[in-house]
>>> print(open('coords_7.txt').read())   # compact mmCIF, C-alpha atoms and all ligand atoms
# COMPACT_ATOMS: atom_id res chain seq x y z
CA MET N 1 0.00 0.00 0.00
CA ARG N 2 1.18 3.48 -0.78
CA LYS N 3 2.15 5.66 2.17
CA PRO N 4 -0.19 8.65 2.67
CA SER N 5 2.62 11.12 2.09
CA GLU N 6 3.46 9.57 -1.29
CA ALA N 7 -0.17 9.62 -2.32
CA ALA N 8 -0.44 13.23 -1.23
CA GLY N 9 2.67 14.06 -3.22
CA LYS N 10 1.10 12.64 -6.34
CA LEU N 11 -2.12 14.49 -5.65
CA SER N 12 -0.67 17.89 -4.90
CA SER N 13 -0.61 18.87 -8.54
CA GLU N 14 -4.30 18.07 -8.74
CA PHE N 15 -5.19 21.25 -6.87
CA ASP N 16 -3.27 23.18 -9.49
CA LEU N 17 -4.99 21.21 -12.19
CA ILE N 18 -8.48 21.96 -10.83
CA ALA N 19 -7.55 25.62 -10.60
CA ARG N 20 -6.28 25.54 -14.17
CA LEU N 21 -9.31 23.68 -15.51
CA SER N 22 -11.65 26.05 -13.72
CA ALA N 23 -9.85 29.24 -14.70
CA GLY N 24 -11.86 31.57 -16.84
CA ILE N 25 -15.12 29.68 -16.28
CA HIS N 26 -18.02 31.96 -16.95
CA LEU N 27 -20.36 32.26 -13.96
CA SER N 28 -23.83 33.70 -13.79
CA ARG N 29 -25.04 36.02 -11.04
CA ARG N 30 -26.78 33.07 -9.40
CA THR N 31 -23.38 31.80 -8.31
CA ILE N 32 -22.16 33.73 -5.31
CA LEU N 33 -18.92 31.75 -4.93
CA GLY N 34 -17.54 29.30 -7.47
CA VAL N 35 -14.51 26.97 -7.47
CA GLY N 36 -11.86 27.72 -4.84
CA ASP N 37 -13.44 27.34 -1.41
CA ASP N 38 -14.68 24.32 0.51
CA CYS N 39 -18.11 24.65 -1.05
CA ALA N 40 -19.65 26.74 -3.75
CA ILE N 41 -22.39 29.16 -2.80
CA VAL N 42 -25.37 29.29 -5.14
CA ALA N 43 -28.40 31.52 -4.74
CA ARG N 44 -31.56 29.76 -3.69
CA PRO N 45 -33.85 28.93 -6.64
CA HIS N 46 -37.20 30.62 -7.10
CA GLY N 47 -39.17 27.43 -7.67
CA GLN N 48 -38.52 23.78 -6.86
CA LEU N 49 -34.93 22.54 -6.77
CA LEU N 50 -34.04 19.67 -9.13
CA PHE N 51 -30.98 17.60 -8.31
CA THR N 52 -29.47 14.82 -10.44
CA ILE N 53 -26.22 12.94 -11.00
CA ASP N 54 -24.76 10.83 -13.80
CA SER N 55 -21.45 9.14 -14.57
CA MET N 56 -19.72 8.27 -17.80
CA VAL N 57 -17.11 5.55 -17.43
CA GLU N 58 -14.49 4.54 -19.97
CA ASN N 59 -15.18 1.18 -21.62
CA VAL N 60 -18.64 1.15 -20.10
CA HIS N 61 -20.18 4.25 -21.68
CA PHE N 62 -17.49 5.38 -24.08
CA ASP N 63 -14.31 4.45 -25.86
CA ARG N 64 -11.67 7.17 -26.09
CA ARG N 65 -10.96 6.35 -29.72
CA TRP N 66 -14.51 7.21 -30.80
CA GLY N 67 -14.41 10.96 -30.45
CA THR N 68 -12.46 13.91 -29.14
CA PRO N 69 -12.01 14.65 -25.42
CA GLU N 70 -14.05 17.82 -26.01
CA MET N 71 -16.98 15.70 -27.23
CA LEU N 72 -16.66 13.54 -24.15
CA GLY N 73 -16.88 16.52 -21.81
CA ALA N 74 -19.87 17.98 -23.63
CA ARG N 75 -21.61 14.61 -23.72
CA ALA N 76 -21.14 14.03 -19.99
CA LEU N 77 -23.01 17.24 -19.31
CA ALA N 78 -25.65 16.67 -22.01
CA VAL N 79 -26.85 13.41 -20.46
CA ASN N 80 -27.32 15.22 -17.15
CA LEU N 81 -29.02 18.19 -18.77
CA SER N 82 -31.42 15.74 -20.39
CA ASP N 83 -32.69 14.66 -16.97
CA ILE N 84 -33.41 18.28 -16.11
CA ALA N 85 -35.13 18.64 -19.50
CA ALA N 86 -37.30 15.62 -18.73
CA MET N 87 -38.61 17.39 -15.62
CA GLY N 88 -39.19 20.62 -17.54
CA GLY N 89 -36.53 22.45 -15.57
CA ARG N 90 -33.78 24.95 -16.10
CA PRO N 91 -30.24 23.77 -15.26
CA THR N 92 -28.35 26.15 -13.00
CA ALA N 93 -25.13 24.74 -11.53
CA CYS N 94 -23.03 21.59 -11.47
CA VAL N 95 -20.01 20.02 -9.79
CA VAL N 96 -17.70 17.69 -11.65
CA ASN N 97 -15.59 14.73 -10.57
CA LEU N 98 -12.95 13.38 -12.92
CA GLY N 99 -11.73 9.84 -12.26
CA VAL N 100 -8.31 9.69 -13.87
CA ARG N 101 -6.37 6.54 -14.64
CA GLU N 102 -2.67 6.28 -15.36
CA GLY N 103 -1.72 7.27 -18.87
CA ILE N 104 -4.20 10.12 -19.21
CA ALA N 105 -2.33 13.33 -19.98
CA SER N 106 -3.36 16.54 -18.26
CA ARG N 107 -3.83 17.96 -21.74
CA THR N 108 -6.62 15.41 -22.26
CA LEU N 109 -8.30 16.58 -19.07
CA GLU N 110 -8.01 20.18 -20.22
CA ARG N 111 -9.69 19.24 -23.48
CA ILE N 112 -12.48 17.34 -21.69
CA TYR N 113 -13.04 20.44 -19.56
CA SER N 114 -12.99 22.67 -22.57
CA GLY N 115 -15.90 20.70 -24.10
CA LEU N 116 -17.63 20.69 -20.75
CA ARG N 117 -17.23 24.45 -20.32
CA ALA N 118 -18.63 25.15 -23.78
CA ALA N 119 -21.63 22.89 -23.18
CA ALA N 120 -22.24 24.45 -19.77
CA ARG N 121 -22.13 27.91 -21.19
CA GLU N 122 -24.55 26.99 -23.97
CA ALA N 123 -26.99 25.66 -21.37
CA SER N 124 -26.50 28.64 -19.00
CA THR N 125 -25.14 26.28 -16.35
CA ASP N 126 -22.35 27.24 -13.96
CA ILE N 127 -19.54 24.80 -13.16
CA VAL N 128 -19.11 25.65 -9.49
CA GLY N 129 -16.89 22.86 -8.20
CA GLY N 130 -14.47 20.20 -9.29
CA ASN N 131 -12.62 17.22 -7.93
CA ILE N 132 -10.05 14.83 -9.35
CA THR N 133 -9.52 11.35 -8.06
CA ARG N 134 -7.20 8.59 -9.21
CA ALA N 135 -9.08 5.60 -10.59
CA ARG N 136 -8.71 2.49 -12.74
CA GLU N 137 -10.76 3.99 -15.57
CA LEU N 138 -11.28 7.45 -16.88
CA SER N 139 -14.66 8.69 -15.74
CA ILE N 140 -16.64 11.90 -15.59
CA THR N 141 -19.30 12.29 -12.94
CA ILE N 142 -21.48 15.36 -12.83
CA ALA N 143 -23.98 16.36 -10.18
CA LEU N 144 -26.31 18.98 -11.52
CA ILE N 145 -28.93 21.19 -9.97
CA GLY N 146 -31.71 22.98 -11.73
CA GLU N 147 -34.96 24.66 -10.96
CA ALA N 148 -38.51 23.97 -12.01
CA GLY N 149 -41.62 26.05 -11.75
CA ARG N 150 -44.49 25.04 -9.52
CA ARG N 151 -45.12 21.86 -11.49
CA ALA N 152 -42.17 19.79 -12.59
CA MET N 153 -42.97 16.99 -15.04
CA ARG N 154 -42.96 13.58 -13.41
CA ARG N 155 -43.24 9.94 -14.42
CA ASP N 156 -46.19 9.14 -12.18
CA THR N 157 -48.90 11.35 -13.62
CA ALA N 158 -49.93 9.54 -16.85
CA ARG N 159 -53.63 8.69 -17.09
CA PRO N 160 -55.63 6.37 -19.37
CA GLY N 161 -56.64 8.35 -22.43
CA ASP N 162 -53.46 10.44 -22.50
CA GLU N 163 -51.78 10.59 -25.89
CA ILE N 164 -48.10 9.66 -26.07
CA PHE N 165 -45.73 11.82 -28.07
CA VAL N 166 -41.97 11.81 -28.68
CA THR N 167 -39.64 14.57 -29.83
CA GLY N 168 -37.18 14.15 -32.70
CA MET N 169 -36.12 10.83 -34.24
CA LEU N 170 -35.48 7.56 -32.45
CA GLY N 171 -32.75 4.96 -32.80
CA ASP N 172 -30.09 7.11 -34.44
CA ALA N 173 -27.75 7.11 -31.45
CA ALA N 174 -28.07 3.35 -31.03
CA LEU N 175 -27.05 2.87 -34.66
CA GLY N 176 -24.20 5.36 -34.26
CA TRP N 177 -22.94 3.46 -31.24
CA ARG N 178 -23.15 0.16 -33.14
CA LEU N 179 -21.25 1.61 -36.08
CA LEU N 180 -18.50 2.87 -33.76
CA ALA N 181 -18.32 -0.41 -31.88
CA GLY N 182 -18.20 -2.42 -35.11
CA LYS N 183 -21.44 -4.17 -34.13
CA LEU N 184 -23.40 -3.10 -37.17
CA LYS N 185 -22.50 -3.79 -40.75
CA ALA N 186 -24.41 -1.75 -43.27
CA ARG N 187 -26.11 -3.89 -45.89
CA GLY N 188 -26.56 -3.43 -49.64
CA ALA N 189 -26.55 0.14 -50.94
CA ALA N 190 -26.20 1.50 -47.41
CA LYS N 191 -22.66 0.13 -47.28
CA ASN N 192 -21.28 3.18 -49.06
CA ASN N 193 -23.68 5.66 -47.54
CA ARG N 194 -21.02 7.69 -45.75
CA ALA N 195 -23.34 10.63 -45.06
CA ALA N 196 -25.86 8.43 -43.27
CA LYS N 197 -23.18 6.77 -41.17
CA LYS N 198 -21.59 10.08 -40.27
CA TYR N 199 -24.96 11.51 -39.22
CA LEU N 200 -25.72 8.50 -37.01
CA VAL N 201 -22.30 8.55 -35.33
CA GLU N 202 -22.69 12.27 -34.63
CA ARG N 203 -26.07 11.65 -33.10
CA PHE N 204 -24.42 9.29 -30.64
CA LEU N 205 -21.37 11.43 -29.92
CA ARG N 206 -23.15 14.78 -29.67
CA PRO N 207 -26.49 14.31 -27.92
CA HIS N 208 -28.50 17.41 -27.30
CA ALA N 209 -30.78 17.78 -24.29
CA ARG N 210 -34.29 19.01 -25.14
CA LEU N 211 -34.22 21.74 -22.50
CA TYR N 212 -36.40 24.26 -24.32
CA ALA N 213 -38.98 21.63 -25.29
CA GLY N 214 -39.09 20.37 -21.71
CA GLN N 215 -39.66 23.84 -20.29
CA ARG N 216 -42.45 24.54 -22.78
CA LEU N 217 -44.08 21.19 -21.98
CA ALA N 218 -43.97 21.82 -18.24
CA ALA N 219 -45.98 24.97 -18.85
CA LEU N 220 -48.94 22.92 -20.18
CA ARG N 221 -51.85 22.39 -17.79
CA PRO N 222 -51.94 19.77 -16.56
CA ALA N 223 -48.17 19.19 -16.79
CA PRO N 224 -47.56 16.05 -18.89
CA ALA N 225 -45.96 12.90 -17.54
CA ALA N 226 -42.53 12.81 -19.15
CA ILE N 227 -39.17 11.06 -19.29
CA ASP N 228 -36.06 11.36 -21.43
CA ILE N 229 -34.96 8.45 -23.58
CA SER N 230 -31.66 7.21 -22.21
CA ASP N 231 -32.34 3.45 -22.28
CA GLY N 232 -34.69 3.17 -25.26
CA LEU N 233 -38.32 4.04 -25.94
CA ILE N 234 -39.78 0.76 -24.65
CA GLN N 235 -37.79 0.73 -21.45
CA ASP N 236 -38.19 4.42 -20.66
CA LEU N 237 -41.89 4.49 -21.50
CA GLY N 238 -42.07 1.42 -19.25
CA HIS N 239 -40.87 3.59 -16.36
CA ILE N 240 -43.78 5.97 -16.90
CA LEU N 241 -46.24 3.07 -17.05
CA GLU N 242 -44.85 1.50 -13.93
CA ARG N 243 -44.82 4.71 -11.91
CA SER N 244 -48.26 5.75 -13.14
CA GLY N 245 -49.87 2.29 -12.84
CA VAL N 246 -51.11 2.28 -16.44
CA GLY N 247 -50.52 0.51 -19.78
CA ALA N 248 -49.89 1.78 -23.30
CA GLU N 249 -50.54 1.02 -26.94
CA ILE N 250 -47.83 2.08 -29.34
CA ASP N 251 -48.37 2.24 -33.10
CA ALA N 252 -45.12 1.07 -34.70
CA SER N 253 -45.97 2.82 -37.97
CA GLN N 254 -45.77 6.17 -36.13
CA ILE N 255 -42.29 5.69 -34.66
CA PRO N 256 -40.22 8.58 -36.06
CA ILE N 257 -37.02 7.43 -37.76
CA SER N 258 -34.53 9.48 -39.73
CA PRO N 259 -33.68 8.96 -43.42
CA ALA N 260 -30.24 7.76 -42.26
CA TYR N 261 -31.85 5.16 -40.00
CA ARG N 262 -34.06 4.02 -42.85
CA ALA N 263 -31.08 3.85 -45.21
CA LEU N 264 -29.31 1.40 -42.91
CA MET N 265 -32.18 -0.51 -41.35
CA GLY N 266 -35.08 -0.27 -43.80
CA GLY N 267 -38.30 -0.87 -41.86
CA ASP N 268 -36.61 -2.71 -38.99
CA LEU N 269 -37.59 -0.69 -35.93
CA VAL N 270 -35.76 -2.67 -33.28
CA HIS N 271 -33.19 0.05 -32.55
CA ALA N 272 -35.77 2.83 -32.68
CA LEU N 273 -37.86 0.96 -30.11
CA THR N 274 -35.15 -0.38 -27.84
CA GLY N 275 -31.97 1.60 -28.57
CA GLY N 276 -30.88 4.12 -25.96
CA GLU N 277 -28.92 7.36 -25.83
CA ASP N 278 -31.24 9.43 -28.00
CA TYR N 279 -32.07 11.87 -25.19
CA GLU N 280 -35.35 12.75 -26.82
CA LEU N 281 -38.44 13.25 -24.64
CA ILE N 282 -41.47 10.99 -24.27
CA PHE N 283 -44.49 12.81 -22.89
CA CYS N 284 -48.12 12.00 -22.22
CA VAL N 285 -50.73 14.74 -22.63
CA ARG N 286 -54.49 14.85 -22.31
CA PRO N 287 -56.12 14.24 -25.72
CA GLY N 288 -56.81 17.06 -28.12
CA ARG N 289 -53.39 18.45 -28.99
CA SER N 290 -52.10 18.02 -32.51
CA GLU N 291 -48.58 17.17 -33.63
CA SER N 292 -48.31 20.50 -35.44
CA GLU N 293 -49.45 22.55 -32.45
CA LEU N 294 -46.98 20.79 -30.17
CA SER N 295 -44.14 20.95 -32.72
CA ARG N 296 -44.60 24.71 -33.00
CA ARG N 297 -44.76 25.15 -29.25
CA LEU N 298 -41.68 23.00 -28.56
CA ARG N 299 -39.76 24.12 -31.65
CA VAL N 300 -38.95 20.52 -32.50
CA GLY N 301 -40.79 17.90 -34.52
CA VAL N 302 -43.02 15.74 -32.34
CA ARG N 303 -44.87 12.58 -33.28
CA ARG N 304 -47.92 11.02 -31.67
CA ILE N 305 -46.98 7.37 -31.24
CA GLY N 306 -49.79 5.94 -29.15
CA LYS N 307 -51.94 6.27 -26.08
CA ILE N 308 -52.09 5.40 -22.42
CA VAL N 309 -54.60 2.68 -21.57
CA ARG N 310 -55.86 0.91 -18.48
CA GLY N 311 -53.96 -2.13 -17.24
CA ARG N 312 -50.24 -2.72 -17.08
CA ARG N 313 -49.49 -3.90 -20.61
CA LEU N 314 -47.29 -2.24 -23.18
CA ASN N 315 -48.42 -3.30 -26.64
CA VAL N 316 -46.58 -2.39 -29.82
CA ILE N 317 -49.02 -2.71 -32.68
CA GLY N 318 -47.87 -3.43 -36.22
CA ALA N 319 -44.14 -3.90 -35.69
CA SER N 320 -42.98 -5.35 -39.03
CA ALA N 321 -39.96 -7.11 -37.54
CA PRO N 322 -39.74 -9.09 -34.32
CA ILE N 323 -38.61 -7.00 -31.37
CA ASP N 324 -36.21 -8.57 -28.94
CA GLY N 325 -34.78 -7.50 -25.60
CA GLY N 326 -36.73 -5.03 -23.54
CA TRP N 327 -39.93 -5.41 -25.45
CA ASP N 328 -40.38 -9.12 -24.91
CA GLN N 329 -39.63 -8.72 -21.24
CA LEU N 330 -42.24 -6.03 -20.90
CA ARG N 331 -44.68 -7.94 -22.99
CA SER N 332 -44.44 -11.05 -20.88
CA ARG N 333 -44.87 -8.98 -17.77
CA GLY N 334 -48.51 -8.68 -18.88
MG MG N 401 -33.60 10.28 -17.35
>>> encode(input="coords_7.txt", output="structure tokens")
Amino acid sequence: MRKPSEAAGKLSSEFDLIARLSAGIHLSRRTILGVGDDCAIVARPHGQLLFTIDSMVENVHFDRRWGTPEMLGARALAVNLSDIAAMGGRPTACVVNLGVREGIASRTLERIYSGLRAAAREASTDIVGGNITRARELSITIALIGEAGRRAMRRDTARPGDEIFVTGMLGDAALGWRLLAGKLKARGAAKNNRAAKKYLVERFLRPHARLYAGQRLAALRPAPAAIDISDGLIQDLGHILERSGVGAEIDASQIPISPAYRALMGGDLVHALTGGEDYELIFCVRPGRSESELSRRLRVGVRRIGKIVRGRRLNVIGASAPIDGGWDQLRSRG
């Protein structure tokens, strides 16, 4: 075992590194005291406080060869921001822990932070604290706070009769991940479709939290039940059903897929239904709102994909290809 003094010697430069990484970080007026003291001081929010945490671990959630360190930093924040988006909130401040293994240059950490800083600034989020710890794998953990108005969107408020909508396109990130991991070989004409592959890989590497859409949704009365898609439509919708004590019918023909998805997969919806990492929103609203009205309001394309029903079953109607994984499990749950 390493003597404490040796360990401390190795760690001493980490204070300098935190200071360097945090230098020049833009802070809003909400932050009274940022990096540099024992705690940060952040002004109390006006509404309800949202609080969330997420980790990205090397070889579990990412492979360093797949993208730049800047992308990694931005992505680590985006997946957290998406949880705030799913509640209809506004992100305000975050603290960051970097787990650093041997062989990671401090330049790499600076580049991760540079991506993180840019993403934070874009989302009006202050980075108010940082920590570095030695670890076996490279990891980025972010704890994020945000604020919501009087009614945050929750998973437990869906009711039979509600219509289920999703933002954006589904399954792109799952395909991008499979392309990067060498787990998906394009077939036929799609083999040389470089543009489609590039688009899909980007959709995995650069997710974008639907913060604006979430905030606009939370302003609806009643506030919709909502969740962000991190683990796939079927699984994440399943969380709403479970928490709300309801079932759902999904119309497979209404699942929104991109031209790039179609180019690679044709009508096979398995990744659109079960693939994760899209960070789109699923939300359930009382009947009577059209796709076009909601798309205008949220400033993103939305698609009505089904409805909430009584019972506990999740039925996907009209899937042209067999769906494995999450769907079968949910189906057999009955
Ligand atoms: Mg989530």
>>> closest_residue(input="coords_7.txt", among="N:Thr167, N:Gln235, N:Asn315, N:Gln254", to="N:Glu280", atoms="all atoms listed in the file")
N:Thr167
>>> atom_distance(input="coords_7.txt", atom1="atom CA of N:Leu264", atom2="atom CA of N:Lys185")
8.8 Å
>>> residues_near_ligand(input="coords_7.txt", ligand="ligand MG 401 (chain N)", cutoff="7 Å", atoms="all atoms listed in the file", output="PDB file with C-alpha atoms, in the frame of the given file")
ATOM      1  CA  SER N  82     -31.420  15.740 -20.390  1.00  0.00           C
ATOM      2  CA  ASP N  83     -32.690  14.660 -16.970  1.00  0.00           C
ATOM      3  CA  ALA N  86     -37.300  15.620 -18.730  1.00  0.00           C
ATOM      4  CA  ILE N 227     -39.170  11.060 -19.290  1.00  0.00           C
ATOM      5  CA  ASP N 228     -36.060  11.360 -21.430  1.00  0.00           C
ATOM      6  CA  ILE N 229     -34.960   8.450 -23.580  1.00  0.00           C
ATOM      7  CA  SER N 230     -31.660   7.210 -22.210  1.00  0.00           C
TER       8      SER N 230
END
>>> closest_atom_pairs(input="coords_7.txt", of="stretch 215-266 of chain N", to="stretch 134-149 of chain N", cutoff="10 Å", atoms="only C-alpha atoms", output="Markdown table")
| residue | atom | partner | partner_atom | distance |
| --- | --- | --- | --- | --- |
| N:Gln215 | CA | N:Ala148 | CA | 8.4 |
| N:Ala218 | CA | N:Gly149 | CA | 8.1 |
| N:Ala219 | CA | N:Gly149 | CA | 8.4 |
>>> atom_distance(input="coords_7.txt", atom1="atom CA of N:Arg289", atom2="atom CA of N:Pro160")
15.6 Å
>>> closest_atom_pairs(input="coords_7.txt", of="stretch 193-297 of chain N", to="stretch 53-73 of chain N", cutoff="12 Å", atoms="only C-alpha atoms", output="JSON lines")
{"residue": "N:Val201", "atom": "CA", "partner": "N:Trp66", "partner_atom": "CA", "distance": 9.1}
{"residue": "N:Glu202", "atom": "CA", "partner": "N:Gly67", "partner_atom": "CA", "distance": 9.4}
{"residue": "N:Arg203", "atom": "CA", "partner": "N:Met71", "partner_atom": "CA", "distance": 11.6}
{"residue": "N:Phe204", "atom": "CA", "partner": "N:Trp66", "partner_atom": "CA", "distance": 10.1}
{"residue": "N:Leu205", "atom": "CA", "partner": "N:Met71", "partner_atom": "CA", "distance": 6.7}
{"residue": "N:Arg206", "atom": "CA", "partner": "N:Met71", "partner_atom": "CA", "distance": 6.7}
{"residue": "N:Pro207", "atom": "CA", "partner": "N:Met71", "partner_atom": "CA", "distance": 9.6}
{"residue": "N:His208", "atom": "CA", "partner": "N:Met71", "partner_atom": "CA", "distance": 11.6}
{"residue": "N:Ser230", "atom": "CA", "partner": "N:Asp54", "partner_atom": "CA", "distance": 11.5}
{"residue": "N:Gly276", "atom": "CA", "partner": "N:His61", "partner_atom": "CA", "distance": 11.5}
{"residue": "N:Glu277", "atom": "CA", "partner": "N:His61", "partner_atom": "CA", "distance": 10.2}
>>> atom_distance(input="coords_7.txt", atom1="atom CA of N:Ile32", atom2="atom CA of N:Gly214")
27.1 Å
>>> closest_residue(input="coords_7.txt", among="N:Thr31, N:Ile164, N:Ala189, N:Leu180", to="N:Ser124", atoms="all atoms listed in the file")
N:Thr31
>>> axis_aligned_box(input="coords_7.txt", around="stretch 10-25 of chain N", padding_each_side="5 Å", output="lines of an AutoDock Vina configuration file")
center_x = -7.0
center_y = 22.1
center_z = -10.9
size_x = 26.2
size_y = 28.9
size_z = 21.9
>>> closest_residue(input="coords_7.txt", among="N:Ala319, N:Ala93, N:Ala173, N:Leu17", to="N:Thr52", atoms="all atoms listed in the file")
N:Ala93
>>> residues_around(input="coords_7.txt", residues="N:Glu249", least_positions_apart="5", cutoff="12 Å", atoms="all atoms listed in the file", output="list in words")
Pro160, Gly161, Asp162, Glu163, Ile164, Phe165, Ile234, Leu237, Gly238, Leu241, Gln254, Arg304, Ile305, Gly306, Lys307, Ile308, Val309, Arg310, Gly311, Arg312, Arg313, Leu314, Asn315, Val316, Ile317, Gly318, Ala319 and Arg331 of chain N
>>> closest_residue(input="coords_7.txt", among="N:Thr92, N:Ser114, N:Ser295, N:Ser290", to="N:Ser22", atoms="all atoms listed in the file")
N:Ser114
>>> closest_residue(input="coords_7.txt", among="N:Leu98, N:Ala23, N:Leu179, N:Leu281", to="N:Ile84", atoms="all atoms listed in the file")
N:Leu281
